[in-house]
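Comments concern the structure below.
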Amino acid sequence: MSHDSTTSLQPTRHLDPAQHELGDLILIGMTAVGRGVFATRKLAAGLVLGEIHGEILDDHPEDSSYVMELPSSKLLEPAPPFRFVNHSCDPNCELFYWFDEDSDAQEDRLWVQTIRPIKPGEELSIDYSWPADAAIPCRCGTESCRGWIVDPAERHLLPDPAIPDRTPATAP
Ligand SMILES: [Zn+2]
């Protein structure tokens, strides 16, 4: 199971070294599905929040639900705080990596940036886009929820019943 949601999108803002301290931008809190990461203040779209640090692995660990795939296909076991960024089918953040023009290669590091303005107190989310064989039912609750935490391109491989019933309650 791995993330496959990296894009080659270049961030529109460069990381301000002063911003490297994430303490005043985000915090870890509790959600209905465990820990999550929340904005402590208004965040602009296209803001680089920081690099995802963690342990580099060659093989999938037993519990791989947090593992992210690096551009080299090695795996990253992310450390907090970004370890706790939950999935959404309509996310407000995304992972990206830098393209190193000197070596003409992708850096083997993952970063997180916002993709739309985020309100104070709003939970940060990314689209995990897991392969169908690793998918689990999704409870993100967004309008565009795919019913599963799965790569949109592999959604058709999964059955429909996992989609939550959104039929409005009928009036008596
Ligand atoms: Zn969803």
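Letters for chains follow the order of the structure tokens (A, B, ...), residue numbers begin at 1 for each chain, and ligand numbers begin at 1 in the order shown.
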Quiz item: Excluding same-chain residues fewer than 3 positions from Glu51 of chain A, what lies within 7 Å of it counting only C-alpha atoms, as a PyMOL selection string?
Solution: chain A and resi 110-112
Can you build me a table of chain A residues sitting at most 12 Å from ligand 1, with the closest atom pair per residue and its distance in Å to one decimal, using only C-alpha atoms and all ligand atoms, sorted by chain and residue number, as a Markdown table?
```
| residue | atom | partner | partner_atom_place_in_ligand_line | distance |
| --- | --- | --- | --- | --- |
| A:Asn86 | CA | ligand 1 | 1 (Zn) | 10.6 |
| A:His87 | CA | ligand 1 | 1 (Zn) | 7.5 |
| A:Ser88 | CA | ligand 1 | 1 (Zn) | 5.3 |
| A:Cys89 | CA | ligand 1 | 1 (Zn) | 4.2 |
| A:Asp90 | CA | ligand 1 | 1 (Zn) | 7.3 |
| A:Pro91 | CA | ligand 1 | 1 (Zn) | 9.3 |
| A:Ser125 | CA | ligand 1 | 1 (Zn) | 10.8 |
| A:Ile126 | CA | ligand 1 | 1 (Zn) | 10.7 |
| A:Asp127 | CA | ligand 1 | 1 (Zn) | 8.7 |
| A:Tyr128 | CA | ligand 1 | 1 (Zn) | 10.0 |
| A:Ser129 | CA | ligand 1 | 1 (Zn) | 10.3 |
| A:Trp130 | CA | ligand 1 | 1 (Zn) | 11.9 |
| A:Ala135 | CA | ligand 1 | 1 (Zn) | 11.2 |
| A:Ile136 | CA | ligand 1 | 1 (Zn) | 10.1 |
| A:Pro137 | CA | ligand 1 | 1 (Zn) | 8.0 |
| A:Cys138 | CA | ligand 1 | 1 (Zn) | 4.6 |
| A:Arg139 | CA | ligand 1 | 1 (Zn) | 5.5 |
| A:Cys140 | CA | ligand 1 | 1 (Zn) | 4.2 |
| A:Gly141 | CA | ligand 1 | 1 (Zn) | 5.9 |
| A:Thr142 | CA | ligand 1 | 1 (Zn) | 6.1 |
| A:Glu143 | CA | ligand 1 | 1 (Zn) | 8.3 |
| A:Ser144 | CA | ligand 1 | 1 (Zn) | 6.9 |
| A:Cys145 | CA | ligand 1 | 1 (Zn) | 3.5 |
| A:Arg146 | CA | ligand 1 | 1 (Zn) | 5.2 |
| A:Gly147 | CA | ligand 1 | 1 (Zn) | 5.4 |
| A:Trp148 | CA | ligand 1 | 1 (Zn) | 6.1 |
| A:Ile149 | CA | ligand 1 | 1 (Zn) | 6.3 |
| A:Val150 | CA | ligand 1 | 1 (Zn) | 8.7 |
| A:Asp151 | CA | ligand 1 | 1 (Zn) | 10.9 |
| A:Pro152 | CA | ligand 1 | 1 (Zn) | 10.7 |
| A:Arg155 | CA | ligand 1 | 1 (Zn) | 11.5 |
| A:Ala162 | CA | ligand 1 | 1 (Zn) | 10.3 |
| A:Ile163 | CA | ligand 1 | 1 (Zn) | 8.7 |
| A:Pro164 | CA | ligand 1 | 1 (Zn) | 9.5 |
```
Exercise. Have a look at A:Gly121, A:Gly54, A:Pro81, A:Pro71 and name the one nearest to Thr40 of chain A; count only C-alpha atoms.
Key: A:Gly121
Self-check item: Picked from segment 21-144 of chain A by DSSP as strand (DSSP E or B), as a PyMOL selection string
Solution: chain A and resi 26-31+34-39+43+48-51+54-57+68-69+75-78+86-87+93-96+99-100+105-106+111-114+118+123+125-126+136-137
Mind writing the picked residues with C-alpha atoms as a CSV table (one decimal), in the first residue's frame?
```
chain,number,residue,atom,x,y,z
A,26,ILE,CA,-0.5,23.6,12.1
A,27,LEU,CA,-1.1,21.3,15.0
A,28,ILE,CA,-2.1,17.7,15.5
A,29,GLY,CA,-5.6,17.1,16.8
A,30,MET,CA,-8.2,14.4,17.0
A,31,THR,CA,-10.7,13.5,14.3
A,34,GLY,CA,-7.9,9.2,14.7
A,35,ARG,CA,-5.3,11.9,14.7
A,36,GLY,CA,-5.3,14.7,12.1
A,37,VAL,CA,-3.5,17.9,11.2
A,38,PHE,CA,-5.2,21.2,11.5
A,39,ALA,CA,-4.4,24.8,10.4
A,43,LEU,CA,-3.3,29.5,4.9
A,48,VAL,CA,4.6,25.1,0.9
A,49,LEU,CA,4.0,23.8,4.4
A,50,GLY,CA,7.2,21.7,4.7
A,51,GLU,CA,9.0,18.5,3.9
A,54,GLY,CA,10.7,10.1,8.1
A,55,GLU,CA,12.4,6.8,7.7
A,56,ILE,CA,13.3,5.5,4.2
A,57,LEU,CA,12.4,1.9,3.7
A,68,MET,CA,4.4,7.0,1.0
A,69,GLU,CA,6.1,6.3,-2.3
A,75,LEU,CA,9.3,4.2,0.6
A,76,LEU,CA,9.0,6.8,3.2
A,77,GLU,CA,7.6,6.1,6.7
A,78,PRO,CA,6.5,9.6,7.5
A,86,ASN,CA,-5.7,12.3,6.6
A,87,HIS,CA,-7.2,11.4,3.2
A,93,CYS,CA,-3.3,19.9,0.2
A,94,GLU,CA,-1.1,17.8,-2.0
A,95,LEU,CA,2.3,16.1,-2.0
A,96,PHE,CA,4.9,17.2,-4.5
A,99,PHE,CA,12.8,18.7,-9.8
A,100,ASP,CA,16.5,19.2,-9.4
A,105,ALA,CA,16.3,14.3,-11.7
A,106,GLN,CA,13.5,14.4,-9.2
A,111,TRP,CA,6.8,18.1,0.4
A,112,VAL,CA,3.3,19.2,1.3
A,113,GLN,CA,1.7,22.3,-0.1
A,114,THR,CA,-1.8,23.8,0.1
A,118,ILE,CA,-7.5,27.0,4.2
A,123,GLU,CA,-8.3,20.0,8.8
A,125,SER,CA,-6.0,16.6,3.8
A,126,ILE,CA,-4.4,14.9,0.9
A,136,ILE,CA,-10.3,0.8,2.2
A,137,PRO,CA,-13.7,2.4,2.5
```
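Distance annotation: of A:Ala132, A:Leu25, A:Asp102, A:Asn92, the residue with the minimal separation from Pro117 of chain A is A:Asn92; atom set is only C-alpha atoms.
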